[in-house]
>>> print(open('start35.txt').read())   # compact mmCIF, C-alpha atoms
# COMPACT_ATOMS: atom_id res chain seq x y z
CA MET A 1 -10.41 13.59 -13.71
CA LYS A 2 -12.70 11.50 -11.48
CA SER A 3 -15.12 11.01 -14.39
CA GLU A 4 -12.27 9.65 -16.51
CA LEU A 5 -11.33 7.25 -13.71
CA ASN A 6 -14.95 6.10 -13.43
CA GLU A 7 -14.69 4.61 -16.92
CA TYR A 8 -12.56 1.89 -15.30
CA LYS A 9 -15.39 1.08 -12.86
CA PHE A 10 -13.14 0.55 -9.84
CA LYS A 11 -14.96 -0.93 -6.87
CA LEU A 12 -14.28 1.33 -3.92
CA LEU A 13 -14.46 -0.32 -0.50
CA THR A 14 -17.26 0.72 1.82
CA LYS A 15 -16.71 1.23 5.55
CA ASP A 16 -18.51 -2.07 6.25
CA GLU A 17 -16.23 -3.90 3.80
CA ILE A 18 -13.18 -2.36 5.48
CA VAL A 19 -14.43 -3.49 8.90
CA ASP A 20 -15.07 -7.03 7.57
CA ARG A 21 -11.55 -7.23 6.09
CA LEU A 22 -9.95 -6.09 9.35
CA LYS A 23 -11.92 -8.72 11.28
CA GLN A 24 -10.84 -11.41 8.80
CA MET A 25 -7.14 -10.63 9.36
CA LYS A 26 -6.62 -13.21 12.13
CA VAL A 27 -3.10 -13.16 13.48
CA GLY A 28 -0.62 -15.27 15.36
CA GLU A 29 -0.67 -18.33 17.56
CA LYS A 30 0.08 -18.98 21.20
CA TYR A 31 3.73 -19.57 21.98
CA ASN A 32 4.46 -21.00 25.46
CA ASP A 33 0.94 -19.97 26.47
CA VAL A 34 1.68 -16.34 25.62
CA PHE A 35 0.11 -14.54 22.68
CA VAL A 36 2.60 -13.00 20.30
CA SER A 37 1.76 -9.37 19.48
CA PRO A 38 2.46 -8.99 15.76
CA VAL A 39 2.38 -5.65 14.04
CA LYS A 40 1.31 -4.85 10.51
CA TRP A 41 2.17 -2.14 8.02
CA PHE A 42 -0.89 -1.14 6.05
CA SER A 43 -0.59 -0.13 2.41
CA PHE A 44 -3.37 0.94 0.07
CA LEU A 45 -4.39 0.97 -3.56
CA VAL A 46 -6.22 4.24 -4.31
CA LEU A 47 -7.32 6.36 -7.26
CA ASN A 48 -4.35 8.22 -8.75
CA ASP A 49 -4.89 11.97 -8.50
CA LYS A 50 -2.18 12.50 -11.13
CA TYR A 51 -3.96 10.38 -13.75
CA ASP A 52 -3.93 12.47 -16.94
CA PRO A 53 -3.52 10.30 -20.06
CA ASN A 54 -4.08 13.29 -22.38
CA ASN A 55 -0.82 14.85 -21.17
CA PHE A 56 1.25 11.64 -21.14
CA SER A 57 4.43 11.80 -23.26
CA GLN A 58 5.51 8.61 -25.00
CA GLU A 59 8.83 10.31 -25.74
CA ILE A 60 9.58 10.72 -22.00
CA GLU A 61 8.37 7.17 -21.33
CA ASP A 62 10.74 5.78 -23.97
CA SER A 63 13.70 7.81 -22.68
CA GLU A 64 14.26 5.41 -19.75
CA GLU A 65 13.73 1.74 -19.04
CA ASN A 66 11.10 1.10 -16.36
CA LEU A 67 13.25 -0.08 -13.43
CA GLU A 68 10.37 -1.77 -11.54
CA THR A 69 11.47 -0.43 -8.17
CA TRP A 70 9.25 -2.67 -6.02
CA SER A 71 10.62 -5.91 -7.46
CA LYS A 72 14.18 -4.62 -6.97
CA ILE A 73 13.38 -3.71 -3.36
CA TRP A 74 12.00 -7.19 -2.61
CA GLU A 75 14.95 -8.79 -4.37
CA GLU A 76 17.34 -6.77 -2.16
CA ILE A 77 15.41 -7.46 1.06
CA ASN A 78 15.53 -11.21 0.39
CA LYS A 79 19.33 -11.29 0.14
CA PRO A 80 20.83 -13.09 3.17
CA GLU A 81 23.21 -10.22 3.96
CA PHE A 82 20.43 -7.58 3.97
CA ASP A 83 19.65 -6.00 7.35
CA PHE A 84 17.37 -2.96 7.78
CA ILE A 85 19.70 -1.47 10.40
CA TRP A 86 23.26 -2.61 9.71
CA ASN A 87 23.24 -3.37 5.99
CA ASN A 88 20.35 -1.40 4.50
CA THR A 89 21.22 -0.93 0.83
CA LEU A 90 17.78 0.17 -0.37
CA GLY A 91 18.88 3.80 -0.77
CA LYS A 92 21.52 2.69 -3.28
CA LEU A 93 19.10 0.98 -5.67
CA PRO A 94 18.81 2.60 -9.11
CA GLU A 95 15.50 4.29 -9.84
CA ASN A 96 13.88 6.21 -12.64
CA SER A 97 14.22 9.99 -12.79
CA GLN A 98 11.54 12.16 -11.21
CA ARG A 99 10.64 13.49 -14.69
CA TRP A 100 10.02 9.93 -15.91
CA LYS A 101 8.01 9.00 -12.78
CA ASN A 102 5.82 12.11 -13.07
CA ASN A 103 5.09 11.33 -16.71
CA HIS A 104 4.50 7.62 -16.12
CA SER A 105 1.99 8.33 -13.34
CA LYS A 106 -0.24 10.05 -15.90
CA ILE A 107 -1.21 6.70 -17.46
CA CYS A 108 -1.80 4.88 -14.18
CA PRO A 109 -5.43 5.17 -13.01
CA VAL A 110 -4.54 3.81 -9.56
CA LYS A 111 -1.53 4.14 -7.28
CA GLN A 112 -0.17 2.31 -4.29
CA LEU A 113 0.33 4.10 -1.02
CA GLY A 114 3.06 1.96 0.46
CA LEU A 115 3.45 1.49 4.22
CA LYS A 116 1.01 4.19 5.29
CA PHE A 117 0.79 3.28 8.98
CA LEU A 118 1.86 0.64 11.45
CA SER A 119 -0.58 -1.07 13.80
CA GLN A 120 -0.47 -3.76 16.42
CA CYS A 121 -3.09 -6.48 16.33
CA VAL A 122 -6.08 -6.22 18.65
CA VAL A 123 -6.84 -8.93 21.21
CA HIS A 124 -10.59 -9.14 21.80
CA GLU A 125 -12.42 -10.40 24.90
CA ASP A 126 -12.97 -13.82 23.30
CA GLU A 127 -9.17 -13.99 22.70
CA THR A 128 -9.50 -13.72 18.93
CA ARG A 129 -6.84 -11.50 17.44
CA ASP A 130 -7.30 -9.41 14.35
CA TYR A 131 -6.77 -5.81 13.24
CA TYR A 132 -10.26 -4.50 13.93
CA SER A 133 -10.60 -1.49 16.22
CA ASP A 134 -12.31 1.87 15.90
CA GLU A 135 -8.88 3.53 15.87
CA ILE A 136 -7.67 1.48 12.88
CA VAL A 137 -10.99 1.94 11.06
CA ASN A 138 -10.73 5.71 11.61
CA LYS A 139 -7.17 5.80 10.24
CA ILE A 140 -8.28 3.90 7.15
CA MET A 141 -11.37 6.09 6.70
CA ASN A 142 -9.12 9.19 6.85
CA ILE A 143 -7.08 7.75 3.97
CA ASN A 144 -10.34 6.86 2.20
CA GLU A 145 -11.51 10.48 2.48
CA LYS A 146 -8.16 12.02 1.55
CA TYR A 147 -7.74 9.97 -1.63
CA GLY A 148 -11.35 9.73 -2.75
CA GLY A 149 -11.73 6.02 -2.01
CA ILE A 150 -9.77 2.86 -1.37
CA ILE A 151 -9.74 0.11 -3.96
CA ASN A 152 -7.81 -2.41 -1.88
CA PHE A 153 -5.51 -2.62 1.13
CA CYS A 154 -3.26 -5.13 2.83
>>> encode(input="start35.txt", output="structure tokens")
Amino acid sequence: MKSELNEYKFKLLTKDEIVDRLKQMKVGEKYNDVFVSPVKWFSFLVLNDKYDPNNFSQEIEDSEENLETWSKIWEEINKPEFDFIWNNTLGKLPENSQRWKNNHSKICPVKQLGLKFLSQCVVHEDETRDYYSDEIVNKIMNINEKYGGIINFC
């Protein structure tokens, strides 16, 4: 499977590139002389371990319309009446069947790991604030190892 994915020539991030990206994620401003402590959910684009185009079924694919779940989620979140606690309607959104999702994943060489972990920004001695710390790098490197490489993250 990995050799088939290599035909796409995905650029996997190195540890140094991951460190550089974390240091470039500058955050926040001073408000009333106090630094705001923002938090960030990290999500990742990785190689899809279920990639198997030889066993993809066009018949299953055609049996349902692709509901584009992520766009529907963002559409719902942006409604003025949406509230994660008191009016969270995300569980009521229509989605494709598990059979369809399993089949569809076979033609996707990469997958998104949404909202993998939450982290607070790091305030360094020079008062710069970013997301670089050994702890965050280690969490990302664990994901890197588990999934065989990270293509991108945000």
>>> residues_around(input="start35.txt", residues="Lys50 (chain A)", least_positions_apart="6", cutoff="9 Å", atoms="all atoms listed in the file", output="list in words")
Met1, Asn102, Ser105, Lys106, Ile107, Cys108 and Pro109 of chain A
>>> closest_residue(input="start35.txt", among="A:Arg99, A:Pro38, A:Ser43, A:Lys111", to="Val123 (chain A)", atoms="only C-alpha atoms")
A:Pro38
>>> closest_residue(input="start35.txt", among="A:Asn96, A:Phe84, A:Ile73, A:Lys40", to="Cys154 (chain A)", atoms="all atoms listed in the file")
A:Lys40
>>> closest_residue(input="start35.txt", among="A:Lys101, A:Lys79, A:Lys116, A:Lys139", to="Leu67 (chain A)", atoms="all atoms listed in the file")
A:Lys101
>>> atom_distance(input="start35.txt", atom1="CA of Trp86 (chain A)", atom2="CA of Lys72 (chain A)")
19.1 Å
>>> atom_distance(input="start35.txt", atom1="CA of Phe56 (chain A)", atom2="CA of Asn103 (chain A)")
5.9 Å
>>> residues_around(input="start35.txt", residues="Asp134 (chain A)", least_positions_apart="5", cutoff="12 Å", atoms="only C-alpha atoms", output="PDB file with C-alpha atoms, in the coordinates of the input")
ATOM      1  CA  LYS A  15     -16.710   1.230   5.550  1.00  0.00           C
ATOM      2  CA  ILE A  18     -13.180  -2.360   5.480  1.00  0.00           C
ATOM      3  CA  VAL A  19     -14.430  -3.490   8.900  1.00  0.00           C
ATOM      4  CA  LEU A  22      -9.950  -6.090   9.350  1.00  0.00           C
ATOM      5  CA  LYS A  23     -11.920  -8.720  11.280  1.00  0.00           C
ATOM      6  CA  VAL A 122      -6.080  -6.220  18.650  1.00  0.00           C
ATOM      7  CA  LYS A 139      -7.170   5.800  10.240  1.00  0.00           C
ATOM      8  CA  ILE A 140      -8.280   3.900   7.150  1.00  0.00           C
ATOM      9  CA  MET A 141     -11.370   6.090   6.700  1.00  0.00           C
TER      10      MET A 141
END
>>> atom_distance(input="start35.txt", atom1="CA of Gly149 (chain A)", atom2="CA of Gln24 (chain A)")
20.5 Å
>>> decode(input="start35.txt", residues="region 41-111 of chain A", atoms="C-alpha atoms", output="short mmCIF file (atom, residue, chain, number, x, y, z; two decimals), in the first residue's frame")
data_model
loop_
_atom_site.label_atom_id
_atom_site.label_comp_id
_atom_site.auth_asym_id
_atom_site.auth_seq_id
_atom_site.Cartn_x
_atom_site.Cartn_y
_atom_site.Cartn_z
CA TRP A 41 -6.93 22.50 18.00
CA PHE A 42 -4.44 20.71 15.79
CA SER A 43 -5.61 18.67 12.82
CA PHE A 44 -3.49 16.74 10.35
CA LEU A 45 -3.38 15.53 6.79
CA VAL A 46 -1.78 12.05 6.70
CA LEU A 47 -1.43 9.06 4.39
CA ASN A 48 -4.67 7.06 4.28
CA ASP A 49 -4.09 3.53 5.57
CA LYS A 50 -7.36 2.44 3.94
CA TYR A 51 -6.26 3.52 0.45
CA ASP A 52 -7.06 0.57 -1.83
CA PRO A 53 -8.23 1.72 -5.29
CA ASN A 54 -8.25 -1.87 -6.62
CA ASN A 55 -11.12 -2.74 -4.27
CA PHE A 56 -13.11 0.48 -4.76
CA SER A 57 -16.71 -0.08 -5.93
CA GLN A 58 -18.19 2.50 -8.29
CA GLU A 59 -21.59 0.92 -7.67
CA ILE A 60 -21.40 1.71 -3.93
CA GLU A 61 -20.07 5.20 -4.70
CA ASP A 62 -23.01 5.90 -7.02
CA SER A 63 -25.57 4.59 -4.51
CA GLU A 64 -25.40 7.80 -2.44
CA GLU A 65 -24.71 11.46 -3.05
CA ASN A 66 -21.51 12.68 -1.39
CA LEU A 67 -22.88 14.86 1.43
CA GLU A 68 -19.64 16.82 1.98
CA THR A 69 -19.88 16.66 5.76
CA TRP A 70 -17.21 19.27 6.53
CA SER A 71 -18.89 22.01 4.50
CA LYS A 72 -22.23 21.20 6.18
CA ILE A 73 -20.57 21.38 9.61
CA TRP A 74 -19.05 24.80 8.89
CA GLU A 75 -22.34 26.01 7.45
CA GLU A 76 -24.12 24.95 10.66
CA ILE A 77 -21.46 26.44 12.97
CA ASN A 78 -21.74 29.80 11.20
CA LYS A 79 -25.49 30.09 11.83
CA PRO A 80 -26.22 32.83 14.40
CA GLU A 81 -28.33 30.53 16.57
CA PHE A 82 -25.63 27.82 16.77
CA ASP A 83 -24.05 27.28 20.20
CA PHE A 84 -21.74 24.35 21.02
CA ILE A 85 -23.36 23.91 24.44
CA TRP A 86 -26.98 25.05 24.27
CA ASN A 87 -27.87 24.64 20.61
CA ASN A 88 -25.42 22.10 19.17
CA THR A 89 -27.16 20.60 16.15
CA LEU A 90 -24.11 18.93 14.59
CA GLY A 91 -25.28 15.45 15.61
CA LYS A 92 -28.45 15.94 13.57
CA LEU A 93 -26.68 16.65 10.26
CA PRO A 94 -27.23 14.04 7.54
CA GLU A 95 -24.20 11.97 6.63
CA ASN A 96 -23.31 9.17 4.28
CA SER A 97 -23.67 5.56 5.40
CA GLN A 98 -20.68 3.78 6.92
CA ARG A 99 -20.66 1.39 3.92
CA TRP A 100 -20.35 4.35 1.54
CA LYS A 101 -17.65 6.04 3.67
CA ASN A 102 -15.59 2.82 3.87
CA ASN A 103 -15.76 2.41 0.11
CA HIS A 104 -15.05 6.07 -0.65
CA SER A 105 -11.94 6.05 1.56
CA LYS A 106 -10.40 3.46 -0.77
CA ILE A 107 -9.84 6.10 -3.48
CA CYS A 108 -8.46 8.78 -1.17
CA PRO A 109 -4.66 8.58 -0.85
CA VAL A 110 -4.69 10.99 2.11
CA LYS A 111 -7.05 11.60 5.01
#
